[in-house]
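A.B. asks: Quick one, upload-v8.txt (compact mmCIF, C-alpha atoms):
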```txt
# COMPACT_ATOMS: atom_id res chain seq x y z
CA MET I 535 93.95 -20.49 2.98
CA ALA I 536 91.76 -23.20 4.48
CA LEU I 537 90.44 -25.98 2.27
CA THR I 538 86.88 -24.76 2.85
CA GLU I 539 87.95 -21.44 1.31
CA SER I 540 89.20 -22.98 -1.93
CA SER I 541 86.73 -21.17 -4.17
CA ILE I 542 88.06 -19.11 -7.07
CA PRO I 543 87.13 -15.82 -5.33
CA ALA I 544 88.99 -17.00 -2.19
CA VAL I 545 92.08 -17.86 -4.25
CA VAL I 546 92.02 -14.43 -5.96
CA GLU I 547 91.64 -12.73 -2.58
CA ASP I 548 94.53 -14.77 -1.15
CA LEU I 549 96.79 -13.89 -4.10
CA ALA I 550 95.82 -10.21 -3.76
CA ARG I 551 96.87 -10.34 -0.11
CA ARG I 552 100.10 -12.33 -0.60
CA GLN I 553 101.23 -10.96 -4.01
CA PRO I 554 99.42 -7.63 -4.44
CA ASP I 555 101.89 -6.31 -7.02
CA GLY I 556 102.28 -9.60 -8.89
CA ILE I 557 101.04 -9.54 -12.47
CA ALA I 558 97.83 -11.57 -12.66
CA TYR I 559 96.85 -11.06 -16.29
CA THR I 560 98.26 -9.39 -19.37
CA PHE I 561 96.15 -8.76 -22.46
CA ILE I 562 97.87 -7.93 -25.72
CA ASP I 563 95.61 -5.91 -27.99
CA TYR I 564 96.52 -6.13 -31.68
CA GLU I 565 93.61 -3.93 -32.74
CA VAL I 566 95.08 -0.90 -30.95
CA ASP I 567 98.57 -1.57 -32.32
CA PRO I 568 99.46 -4.23 -34.93
CA ALA I 569 102.70 -4.84 -33.01
CA GLY I 570 100.63 -5.47 -29.87
CA PHE I 571 99.66 -3.17 -27.01
CA ALA I 572 100.06 -4.87 -23.63
CA GLU I 573 97.89 -4.05 -20.61
CA SER I 574 98.29 -5.80 -17.28
CA LEU I 575 96.47 -6.08 -13.98
CA THR I 576 98.03 -7.08 -10.67
CA TRP I 577 96.34 -9.49 -8.29
CA ALA I 578 95.34 -6.56 -6.06
CA GLU I 579 93.76 -4.76 -9.05
CA VAL I 580 91.89 -7.88 -10.19
CA HIS I 581 90.53 -8.43 -6.69
CA LYS I 582 89.53 -4.79 -6.18
CA ARG I 583 87.87 -4.49 -9.59
CA ALA I 584 86.06 -7.81 -9.23
CA SER I 585 84.82 -6.60 -5.84
CA VAL I 586 83.40 -3.44 -7.39
CA VAL I 587 81.63 -5.51 -10.07
CA ALA I 588 80.32 -7.85 -7.35
CA GLU I 589 79.01 -4.87 -5.40
CA GLN I 590 77.10 -3.65 -8.47
CA LEU I 591 75.67 -7.10 -9.13
CA ARG I 592 74.45 -7.46 -5.55
CA GLN I 593 72.39 -4.31 -6.06
CA VAL I 594 70.45 -5.89 -8.95
CA GLY I 595 70.16 -9.54 -7.97
CA SER I 596 70.84 -12.35 -5.53
CA VAL I 597 73.19 -15.26 -5.04
CA GLY I 598 72.50 -17.87 -7.71
CA ASP I 599 71.24 -15.38 -10.31
CA ARG I 600 72.93 -15.38 -13.69
CA ALA I 601 75.16 -12.59 -15.03
CA ALA I 602 75.77 -12.72 -18.77
CA ILE I 603 79.09 -11.29 -19.94
CA LEU I 604 78.96 -9.71 -23.39
CA ALA I 605 82.20 -7.76 -23.65
CA PRO I 606 85.14 -7.63 -26.02
CA GLN I 607 88.15 -9.78 -25.23
CA GLY I 608 90.34 -8.07 -22.68
CA LEU I 609 90.92 -7.38 -19.02
CA ASP I 610 87.37 -6.08 -18.48
CA TYR I 611 86.06 -9.53 -19.48
CA ILE I 612 88.24 -11.21 -16.85
CA VAL I 613 87.17 -8.70 -14.19
CA ALA I 614 83.50 -9.24 -15.09
CA PHE I 615 83.88 -13.02 -14.84
CA PHE I 616 85.58 -12.89 -11.43
CA GLY I 617 83.14 -10.22 -10.23
CA ALA I 618 80.18 -12.43 -11.08
CA MET I 619 81.68 -15.31 -9.11
CA GLN I 620 82.56 -13.06 -6.18
CA ALA I 621 78.95 -11.81 -6.04
CA GLY I 622 77.72 -15.40 -5.95
CA PHE I 623 76.18 -15.07 -9.40
CA ILE I 624 76.51 -17.74 -12.06
CA GLY I 625 78.63 -16.20 -14.80
CA VAL I 626 77.53 -16.76 -18.39
CA PRO I 627 80.47 -15.92 -20.69
CA LEU I 628 79.25 -15.07 -24.18
CA PRO I 629 80.81 -13.39 -27.21
CA VAL I 630 79.88 -9.88 -28.23
CA PRO I 631 77.09 -10.33 -30.79
CA GLN I 632 78.27 -10.01 -34.39
CA LEU I 633 77.68 -6.53 -35.76
CA GLY I 634 75.27 -6.08 -38.63
CA SER I 635 73.27 -9.25 -38.13
CA LEU I 636 71.08 -10.97 -35.58
CA ASP I 637 73.29 -13.32 -33.60
CA GLU I 638 70.84 -16.10 -32.78
CA ARG I 639 73.31 -18.03 -30.62
CA VAL I 640 73.65 -15.02 -28.28
CA SER I 641 69.89 -14.39 -28.34
CA GLY I 642 69.21 -18.04 -27.58
CA ALA I 643 71.69 -18.16 -24.70
CA LEU I 644 70.20 -14.99 -23.19
CA ARG I 645 66.66 -16.41 -23.48
CA ASP I 646 67.76 -19.68 -21.92
CA CYS I 647 69.79 -18.34 -19.00
CA ALA I 648 67.49 -15.38 -18.18
CA PRO I 649 70.22 -13.23 -16.62
CA ALA I 650 69.53 -10.75 -13.85
CA ALA I 651 72.37 -8.62 -15.24
CA VAL I 652 74.45 -8.22 -18.37
CA LEU I 653 78.06 -7.11 -17.97
CA THR I 654 79.48 -5.25 -20.96
CA THR I 655 81.68 -2.27 -21.88
CA SER I 656 80.94 1.22 -23.14
CA ALA I 657 82.50 0.33 -26.51
CA VAL I 658 79.75 -2.18 -27.32
CA VAL I 659 76.89 -1.23 -25.01
CA ASP I 660 74.70 0.21 -27.78
CA HIS I 661 74.95 -2.99 -29.80
CA VAL I 662 74.47 -5.23 -26.76
CA MET I 663 71.33 -3.28 -25.78
CA THR I 664 69.57 -4.57 -28.91
CA TYR I 665 69.85 -8.09 -27.41
CA VAL I 666 68.96 -7.22 -23.84
CA GLY I 667 65.26 -7.08 -23.20
CA ALA I 668 62.50 -8.77 -21.29
CA GLN I 669 62.62 -12.52 -21.79
CA GLY I 670 59.54 -14.69 -21.44
CA GLY I 671 57.58 -12.29 -19.24
CA ALA I 672 60.50 -11.60 -16.91
CA SER I 673 61.83 -8.09 -16.51
CA ALA I 674 64.81 -6.97 -18.59
CA PRO I 675 68.21 -7.60 -17.01
CA SER I 676 70.22 -4.72 -15.60
CA LEU I 677 73.02 -3.52 -17.85
CA ILE I 678 76.38 -2.81 -16.18
CA GLU I 679 79.22 -1.18 -18.10
CA ILE I 680 82.35 -2.54 -16.47
CA ASP I 681 84.70 0.16 -17.74
CA ALA I 682 82.39 2.90 -16.40
CA LEU I 683 82.58 1.69 -12.79
CA ASP I 684 84.62 3.59 -10.20
CA PHE I 685 87.51 1.28 -9.37
CA HIS I 686 89.51 3.93 -7.50
CA SER I 687 87.30 4.94 -4.57
CA PRO I 688 88.10 3.16 -1.32
CA ARG I 689 85.60 0.46 -0.42
CA GLU I 690 85.07 -2.11 2.23
CA ILE I 691 84.76 -5.51 0.57
CA THR I 692 81.86 -7.53 1.91
CA PRO I 693 82.10 -11.30 1.42
CA VAL I 694 79.01 -12.93 -0.04
CA GLY I 695 78.95 -15.89 2.33
CA LYS I 696 78.06 -19.26 0.83
CA LEU I 697 78.68 -19.38 -2.92
CA PRO I 698 76.51 -21.45 -5.25
CA THR I 699 77.88 -24.82 -6.33
CA THR I 700 77.76 -23.72 -9.98
CA ALA I 701 80.39 -21.11 -10.90
CA TYR I 702 79.47 -20.50 -14.52
CA LEU I 703 77.23 -21.65 -17.33
CA GLN I 704 79.02 -22.36 -20.60
CA TYR I 705 77.18 -22.38 -23.93
CA THR I 706 78.99 -24.10 -26.79
CA SER I 707 78.45 -24.22 -30.53
CA GLY I 708 78.05 -27.98 -30.54
```
Write the structure described by the file as structure tokens, please.

C.D. replies:
Amino acid sequence: MALTESSIPAVVEDLARRQPDGIAYTFIDYEVDPAGFAESLTWAEVHKRASVVAEQLRQVGSVGDRAAILAPQGLDYIVAFFGAMQAGFIGVPLPVPQLGSLDERVSGALRDCAPAAVLTTSAVVDHVMTYVGAQGGASAPSLIEIDALDFHSPREITPVGKLPTTAYLQYTSG
């Protein structure tokens, strides 16, 4: 990998090529099983899934647009984050809004970043939809359910070209 290709998407692509069956990430879910239920993705799976997310994002926006991620902790969150970067979007990682109340910190971050798309999962999409709407006269962002995408169909992966200098936008509580 050349130094000019040292972006995070280039590193993921390189690892997918050199270590396709190597475990990239393991998420242990204690809500499914109190003893822990482990799910893993290989580098090839991370790259392929991120590419599918990137493809979806390119259909709803352009390089430099923001993609808010409002998904539960897990492998889908990681795929969404890498997919946003691979599409050339600026990822905005946010927590799933708290159920039963208006989560002003999520609302404020969405107003501020004005995302072109919101990446979420089918488990929380109905709740997330109450936060996703037109902001300040702009049109409502597109909603993409990561776990509903087709990760198994063969695809040709199209590189985005020049990536923005900002990879993600982090909102903090302080």

A.B. asks: Excluding range 540-557 of chain I and residues on its chain fewer than 4 positions from it, collect all residues at most 9 Å away from it, counting only C-alpha atoms, and give them as a list in words.

C.D. replies: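 Residues meeting the cut-off are Met535, Ala536, Ser574, Leu575, Thr576, Trp577, Ala578, Glu579, Val580, His581, Lys582, Ala584, Phe616, Gly617, Met619, Gln620, Leu697 and Ala701 of chain I.
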
A.B. asks: Expressed in Å to a single decimal, how great is the separation between CA of Phe615 in chain I and CA of Gly570 in chain I?

C.D. replies: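 We find that CA of Phe615 in chain I and CA of Gly570 in chain I lie 23.7 Å from each other.
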
A.B. asks: For each of I:Pro631, I:Val662, I:Ala602, I:Ile680, take the minimum atom-to-atom distance to Leu703 in chain I, counting all atoms listed in the file, then give the residue where this is smallest.

C.D. replies: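 Closest residue, counting all atoms listed in the file: I:Ala602.
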
A.B. asks: Using all atoms listed in the file, which of I:Phe623, I:Tyr702, I:Phe561, I:Phe571 sits nearest Arg592 in chain I?

C.D. replies: I:Phe623

A.B. asks: CA of Val659 in chain I and CA of Gln590 in chain I are how many Å apart?

C.D. replies: 16.7 Å

A.B. asks: Could you check the closest approach to Ala650 in chain I for each of I:Asp637, I:Gln632, I:Ser687, I:Ile603 and tell me which residue wins, using all atoms listed in the file?

C.D. replies: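 Checking each of I:Asp637, I:Gln632, I:Ser687, I:Ile603 against Ala650 in chain I, counting all atoms listed in the file, the winner is I:Ile603.
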
A.B. asks: One decimal, in Å: what's the spacing between CA of Gly625 in chain I and CA of Ala601 in chain I?

C.D. replies: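 Going from CA of Gly625 in chain I over to CA of Ala601 in chain I covers 5.0 Å.
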
A.B. asks: Give me, as number ranges by chain, all polymer residues having an atom no more than 10 Å from Thr706 in chain I, counting all atoms listed in the file and skipping those fewer than 2 positions away in the same chain.

C.D. replies: I: 628, 639, 643, 703-704, 708

A.B. asks: Name the closest residue to Tyr705 in chain I among the candidates I:Val658, I:Leu653, I:Leu644, I:Leu683; distances are taken between atoms, counting all atoms listed in the file.

C.D. replies: I:Leu644

A.B. asks: Which residue out of I:Thr692, I:Ser585, I:Thr664, I:Thr700 has the minimum interatomic distance to Val640 in chain I when only C-alpha atoms are used?

C.D. replies: I:Thr664

A.B. asks: Anything within 8 Å of (69.4, -13.3, -13.2): list those residues as a ChimeraX atom specification, counting all atoms listed in the file and sticking to the file's coordinates.

C.D. replies: /I:595-596,598-601,623,647-651,675

A.B. asks: Which residue is closest to Ala605 in chain I? Choose from I:Phe685, I:Ala657, I:Gly667, I:Ala674 and count all atoms listed in the file.

C.D. replies: I:Ala657

A.B. asks: Can you give me N, CA, C and O atoms for range 652-666 of chain I, written as an mmCIF file, keeping the file's coordinate frame?

C.D. replies:
```cif
data_model
loop_
_atom_site.group_PDB
_atom_site.id
_atom_site.type_symbol
_atom_site.label_atom_id
_atom_site.label_comp_id
_atom_site.auth_asym_id
_atom_site.auth_seq_id
_atom_site.Cartn_x
_atom_site.Cartn_y
_atom_site.Cartn_z
ATOM 1 N N VAL I 652 73.542 -8.033 -17.239
ATOM 2 C CA VAL I 652 74.450 -8.220 -18.370
ATOM 3 C C VAL I 652 75.633 -7.294 -18.141
ATOM 4 O O VAL I 652 75.464 -6.091 -17.930
ATOM 5 N N LEU I 653 76.824 -7.870 -18.141
ATOM 6 C CA LEU I 653 78.060 -7.110 -17.970
ATOM 7 C C LEU I 653 78.667 -6.871 -19.343
ATOM 8 O O LEU I 653 78.863 -7.811 -20.114
ATOM 9 N N THR I 654 78.964 -5.611 -19.648
ATOM 10 C CA THR I 654 79.480 -5.250 -20.960
ATOM 11 C C THR I 654 80.446 -4.078 -20.803
ATOM 12 O O THR I 654 80.825 -3.728 -19.685
ATOM 13 N N THR I 655 80.814 -3.453 -21.918
ATOM 14 C CA THR I 655 81.680 -2.270 -21.880
ATOM 15 C C THR I 655 81.031 -1.147 -22.674
ATOM 16 O O THR I 655 80.141 -1.384 -23.501
ATOM 17 N N SER I 656 81.508 0.065 -22.442
ATOM 18 C CA SER I 656 80.940 1.220 -23.140
ATOM 19 C C SER I 656 81.169 1.150 -24.645
ATOM 20 O O SER I 656 80.386 1.700 -25.416
ATOM 21 N N ALA I 657 82.204 0.440 -25.079
ATOM 22 C CA ALA I 657 82.500 0.330 -26.510
ATOM 23 C C ALA I 657 81.421 -0.426 -27.278
ATOM 24 O O ALA I 657 81.204 -0.175 -28.467
ATOM 25 N N VAL I 658 80.734 -1.344 -26.620
ATOM 26 C CA VAL I 658 79.750 -2.180 -27.320
ATOM 27 C C VAL I 658 78.352 -2.114 -26.709
ATOM 28 O O VAL I 658 77.451 -2.832 -27.143
ATOM 29 N N VAL I 659 78.160 -1.253 -25.727
ATOM 30 C CA VAL I 659 76.890 -1.230 -25.010
ATOM 31 C C VAL I 659 75.699 -0.980 -25.924
ATOM 32 O O VAL I 659 74.645 -1.608 -25.768
ATOM 33 N N ASP I 660 75.835 -0.077 -26.890
ATOM 34 C CA ASP I 660 74.700 0.210 -27.780
ATOM 35 C C ASP I 660 74.294 -1.027 -28.569
ATOM 36 O O ASP I 660 73.104 -1.307 -28.730
ATOM 37 N N HIS I 661 75.259 -1.773 -29.046
ATOM 38 C CA HIS I 661 74.950 -2.990 -29.800
ATOM 39 C C HIS I 661 74.373 -4.070 -28.879
ATOM 40 O O HIS I 661 73.400 -4.749 -29.240
ATOM 41 N N VAL I 662 74.943 -4.219 -27.706
ATOM 42 C CA VAL I 662 74.470 -5.230 -26.760
ATOM 43 C C VAL I 662 73.029 -4.929 -26.329
ATOM 44 O O VAL I 662 72.227 -5.848 -26.146
ATOM 45 N N MET I 663 72.684 -3.659 -26.216
ATOM 46 C CA MET I 663 71.330 -3.280 -25.780
ATOM 47 C C MET I 663 70.247 -3.816 -26.711
ATOM 48 O O MET I 663 69.116 -4.072 -26.275
ATOM 49 N N THR I 664 70.571 -4.035 -27.987
ATOM 50 C CA THR I 664 69.570 -4.570 -28.910
ATOM 51 C C THR I 664 69.235 -6.032 -28.583
ATOM 52 O O THR I 664 68.210 -6.538 -29.019
ATOM 53 N N TYR I 665 70.070 -6.691 -27.796
ATOM 54 C CA TYR I 665 69.850 -8.090 -27.410
ATOM 55 C C TYR I 665 69.275 -8.225 -26.011
ATOM 56 O O TYR I 665 68.824 -9.290 -25.627
ATOM 57 N N VAL I 666 69.361 -7.163 -25.241
ATOM 58 C CA VAL I 666 68.960 -7.220 -23.840
ATOM 59 C C VAL I 666 67.551 -6.658 -23.716
ATOM 60 O O VAL I 666 67.317 -5.476 -23.921
#
```
